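Accompanying notes for the structure given below.
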Amino acid sequence: MAIKKHIKRPPCVAPDCEKEARGWQGGSIYCNAHRILFQRRGRLHTIKQHNIGLICSVEWCNKVCKSEVDKFVKGMCPICNNRLKRTGTTELSHSMLKRRGIYRTCSVDGCEKNESGETTYCHVHWNKLVYLPNGGQAKHNASSRQYRARQHKAESDEHTISELHEYWRAKGIDPKRCTYCDAWHTKWGHSWKFSQGDHVVPLKKGGTDTMNNMVPCCSSCNSSKRAKILYEEWTPPKERIAV
């Protein structure tokens with residue numbers, strides 16, 4: 001059995017490289033590492049950027065590059081650079097800013113209140129359907145009370161939930177108790193703090209979206225009454241005669 005002799009290969013022609021050239025029969029004069037580097041990058045040397053002591057270029061980020069392990073990219077720390085690739089922006093969401101104790105103000109000129117949720121508006125302007133500066137389109141939720149009022153072209157005073165609750169208290173109406181069945185707010189199926197109430201005269205039947213046409217209502221009575229006229233098409237549970 002013939003013993004295969006080791007063929008000595010010529011050294012890699014890259015500077016300061018002591019490795020053997022691989023595949024020299026096919027014309028390669030580099031070792032594997034330099035051959036791959038030359039094919040992919042077109043050069044034989046590696047470029048190392050030393051960013052030690054550099055601060056992340058993002059305004060709100062104060063991360064400092066302490067070693068080569070941090071690998072700052074384009075002046076940004078790895079976290080900000082990955083966020084830029086993933087979302088297209090280095091801006092943080094409202095929840096992430098809140099964790100850092102940073103609160104942005106409402107985007108409406110002259111309003112100094114903090115923005116709420118994931119929107120750029122405070123609670124008051126969000127509920128009042130603030131018009132956006134670009135195009136003048138209303139920013140609304142399709143299931144909101146204000147949007148339904150606009151659909152039916154009903155008169156509206158554009159009140160907020162907090163203003164509505166204050167109006168009820170001034171009239172001696174408890175916002176935590178249903179008007180139709182006297183159910184306490186713990187049995188409503190939703191939080192009374194966000195209750196928009198029920199239109200006594202439905203919007204479809206010519207009712208207005210004003211505070212004098214609103215009463216506290218639980219989810220059960222609200223879904224049962226729907227767009228029915230009170231005492232004509234629908235009777236409150238507490239006033240029904242037991243058979």
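By order in the structure tokens, chains are A, B, ...; within a chain, residues start at 1; ligands start at 1, following the order shown.
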
Worksheet item: What's the 12 Å shell around A:Asn32, counting only C-alpha atoms, without same-chain residues fewer than 6 positions away, as a ChimeraX atom specification?
Response: /A:11-14,17,19-24,38-39,44

For the residues in that selection, give me N, CA and C atoms as a compact mmCIF listing (two decimals), in the first residue's frame.
# COMPACT_ATOMS: atom_id res chain seq x y z
N PRO A 11 4.44 29.28 1.63
CA PRO A 11 3.86 30.14 2.66
C PRO A 11 2.88 31.15 2.06
N CYS A 12 1.99 31.61 2.90
CA CYS A 12 1.02 32.64 2.48
C CYS A 12 1.77 33.94 2.17
N VAL A 13 1.38 34.58 1.08
CA VAL A 13 2.08 35.79 0.65
C VAL A 13 1.62 37.03 1.40
N ALA A 14 0.60 36.90 2.30
CA ALA A 14 0.15 38.06 3.06
C ALA A 14 1.24 38.47 4.04
N CYS A 17 2.33 36.82 7.82
CA CYS A 17 1.56 35.60 7.96
C CYS A 17 2.50 34.41 7.84
N LYS A 19 1.40 31.18 8.04
CA LYS A 19 0.65 29.98 7.67
C LYS A 19 0.97 29.55 6.24
N GLU A 20 0.60 28.32 5.93
CA GLU A 20 0.80 27.79 4.58
C GLU A 20 -0.35 28.21 3.67
N ALA A 21 -0.03 28.37 2.41
CA ALA A 21 -1.07 28.66 1.43
C ALA A 21 -1.88 27.40 1.19
N ARG A 22 -3.17 27.54 1.13
CA ARG A 22 -4.05 26.39 0.95
C ARG A 22 -4.57 26.38 -0.49
N GLY A 23 -4.60 25.19 -1.11
CA GLY A 23 -5.11 25.09 -2.46
C GLY A 23 -4.20 25.74 -3.49
N TRP A 24 -2.87 25.65 -3.28
CA TRP A 24 -1.94 26.33 -4.19
C TRP A 24 -1.93 25.70 -5.57
N PHE A 38 -9.83 38.32 1.42
CA PHE A 38 -9.59 38.98 0.15
C PHE A 38 -10.81 38.83 -0.79
N GLN A 39 -11.45 37.65 -0.76
CA GLN A 39 -12.61 37.44 -1.63
C GLN A 39 -13.82 38.28 -1.19
N LEU A 44 -6.33 42.46 2.51
CA LEU A 44 -5.70 41.42 3.31
C LEU A 44 -5.58 41.78 4.79

If we count only C-alpha atoms and set the cut-off at 8 Å, which residues sit around stretch 179-189 of chain A, ignoring sequence neighbours fewer than 6 positions away in its own chain? Please answer as a PDB file with C-alpha atoms, in the first residue's frame.
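Ended up saving to out_27.pdb:
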ATOM      1  CA  VAL A 215     -76.214  58.651  32.353  1.00  0.00           C
ATOM      2  CA  PRO A 216     -73.980  56.090  34.137  1.00  0.00           C
ATOM      3  CA  CYS A 217     -74.627  52.613  32.797  1.00  0.00           C
ATOM      4  CA  CYS A 218     -73.213  49.117  33.295  1.00  0.00           C
ATOM      5  CA  SER A 219     -72.104  46.987  30.360  1.00  0.00           C
ATOM      6  CA  SER A 220     -75.100  44.644  30.678  1.00  0.00           C
ATOM      7  CA  CYS A 221     -77.734  47.399  30.424  1.00  0.00           C
ATOM      8  CA  PRO A 236     -84.919  49.409  32.750  1.00  0.00           C
ATOM      9  CA  PRO A 237     -84.521  46.141  34.702  1.00  0.00           C
ATOM     10  CA  LYS A 238     -85.303  47.770  38.051  1.00  0.00           C
TER      11      LYS A 238
END

Worksheet item: Can you tell me, as a list in words, what residues are no more than 10 Å from A:Val58 when counting only C-alpha atoms, ignoring any on the same chain fewer than 6 positions away?
Response: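 The residues satisfying every condition are Gly75, Met76, Cys77, Cys80, Asn81, Thr90 and Glu91 of chain A.
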
Worksheet item: When distances are computed from only C-alpha atoms, which of A:Cys56, A:Tyr167, A:Arg226, A:Phe194 shows the smallest separation from A:His123?
Response: A:Phe194

Worksheet entry | Contacts of A:Val200 within 8 Å, only C-alpha atoms, excl. fewer than 6 positions in-chain, as a list of chain:residue names |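 Contacts, in chain order: A:Gly207, A:Asn213, A:Met214, A:Val215, A:Ile229, A:Leu230.
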
Let me see the file: selected residues, C-alpha atoms, as a PDB file, in the first residue's frame.
ATOM      1  CA  GLY A 207     -79.945  62.124  20.326  1.00  0.00           C
ATOM      2  CA  ASN A 213     -78.056  63.210  27.506  1.00  0.00           C
ATOM      3  CA  MET A 214     -75.628  60.855  29.293  1.00  0.00           C
ATOM      4  CA  VAL A 215     -76.214  58.651  32.353  1.00  0.00           C
ATOM      5  CA  ILE A 229     -85.884  54.414  23.013  1.00  0.00           C
ATOM      6  CA  LEU A 230     -86.252  54.427  26.789  1.00  0.00           C
TER       7      LEU A 230
END

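When atom CA of A:His159 is paired with atom CA of A:His199, their separation reads 13.6 Å.
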
Worksheet entry | Å distance separating atom CA of A:Thr87 from atom CA of A:Glu115, one decimal place |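 These two atoms are separated by 21.1 Å.
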
Worksheet item: Using only C-alpha atoms, which residues sit within 8 Å of A:Cys65 once same-chain residues fewer than 4 positions away are excluded, as an MDAnalysis selection string?
Response: chainID A and resid 51:56 70:72 77

Generate the output file for the selected residues, N, CA and C atoms, as a compact mmCIF listing (two decimals), in the first residue's frame.
# COMPACT_ATOMS: atom_id res chain seq x y z
N ASN A 51 -13.04 52.66 19.71
CA ASN A 51 -14.01 53.66 20.18
C ASN A 51 -13.99 53.82 21.69
N ILE A 52 -12.91 53.38 22.32
CA ILE A 52 -12.85 53.44 23.79
C ILE A 52 -12.92 54.90 24.24
N GLY A 53 -13.87 55.15 25.17
CA GLY A 53 -14.09 56.51 25.66
C GLY A 53 -15.16 57.27 24.90
N LEU A 54 -15.67 56.68 23.80
CA LEU A 54 -16.70 57.35 23.00
C LEU A 54 -18.07 57.20 23.66
N ILE A 55 -18.87 58.27 23.65
CA ILE A 55 -20.23 58.26 24.19
C ILE A 55 -21.21 58.07 23.03
N CYS A 56 -22.25 57.29 23.26
CA CYS A 56 -23.26 57.03 22.23
C CYS A 56 -23.81 58.35 21.69
N ASP A 70 -17.52 46.31 23.52
CA ASP A 70 -18.75 47.08 23.31
C ASP A 70 -19.09 47.23 21.83
N LYS A 71 -18.07 47.35 20.96
CA LYS A 71 -18.27 47.40 19.52
C LYS A 71 -19.27 48.48 19.10
N PHE A 72 -18.95 49.73 19.36
CA PHE A 72 -19.78 50.84 18.91
C PHE A 72 -19.81 50.88 17.39
N CYS A 77 -24.13 52.92 20.40
CA CYS A 77 -23.95 51.67 21.12
C CYS A 77 -24.72 50.56 20.40

If we count only C-alpha atoms, what is near A:His152 at a cut-off of 10 Å, once residues fewer than 5 positions away on the same chain are taken out, given as a compact mmCIF listing (two decimals) with C-alpha atoms, in the first residue's frame?
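As a result, result-v8.txt now contains:
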# COMPACT_ATOMS: atom_id res chain seq x y z
CA TYR A 147 -66.46 59.07 16.36
CA LEU A 203 -77.62 58.89 18.48
CA LYS A 204 -79.40 56.93 15.73
CA LYS A 205 -82.73 58.35 16.92
CA GLY A 206 -81.61 61.99 16.90
CA GLY A 207 -79.95 62.12 20.33
CA THR A 208 -77.10 64.50 21.15

Find the residues around A:Val124 up to 9 Å (only C-alpha atoms counted), leave out those fewer than 6 positions away in its own chain, and share them as a CSV table (one decimal) with N, CA and C atoms, in the first residue's frame.
chain,number,residue,atom,x,y,z
A,160,THR,N,-64.9,65.4,28.0
A,160,THR,CA,-64.0,64.3,28.3
A,160,THR,C,-64.7,63.5,29.4
A,161,ILE,N,-64.1,62.3,29.7
A,161,ILE,CA,-64.7,61.4,30.7
A,161,ILE,C,-64.7,62.1,32.1
A,162,SER,N,-63.6,62.7,32.4
A,162,SER,CA,-63.4,63.4,33.7
A,162,SER,C,-64.4,64.5,33.8
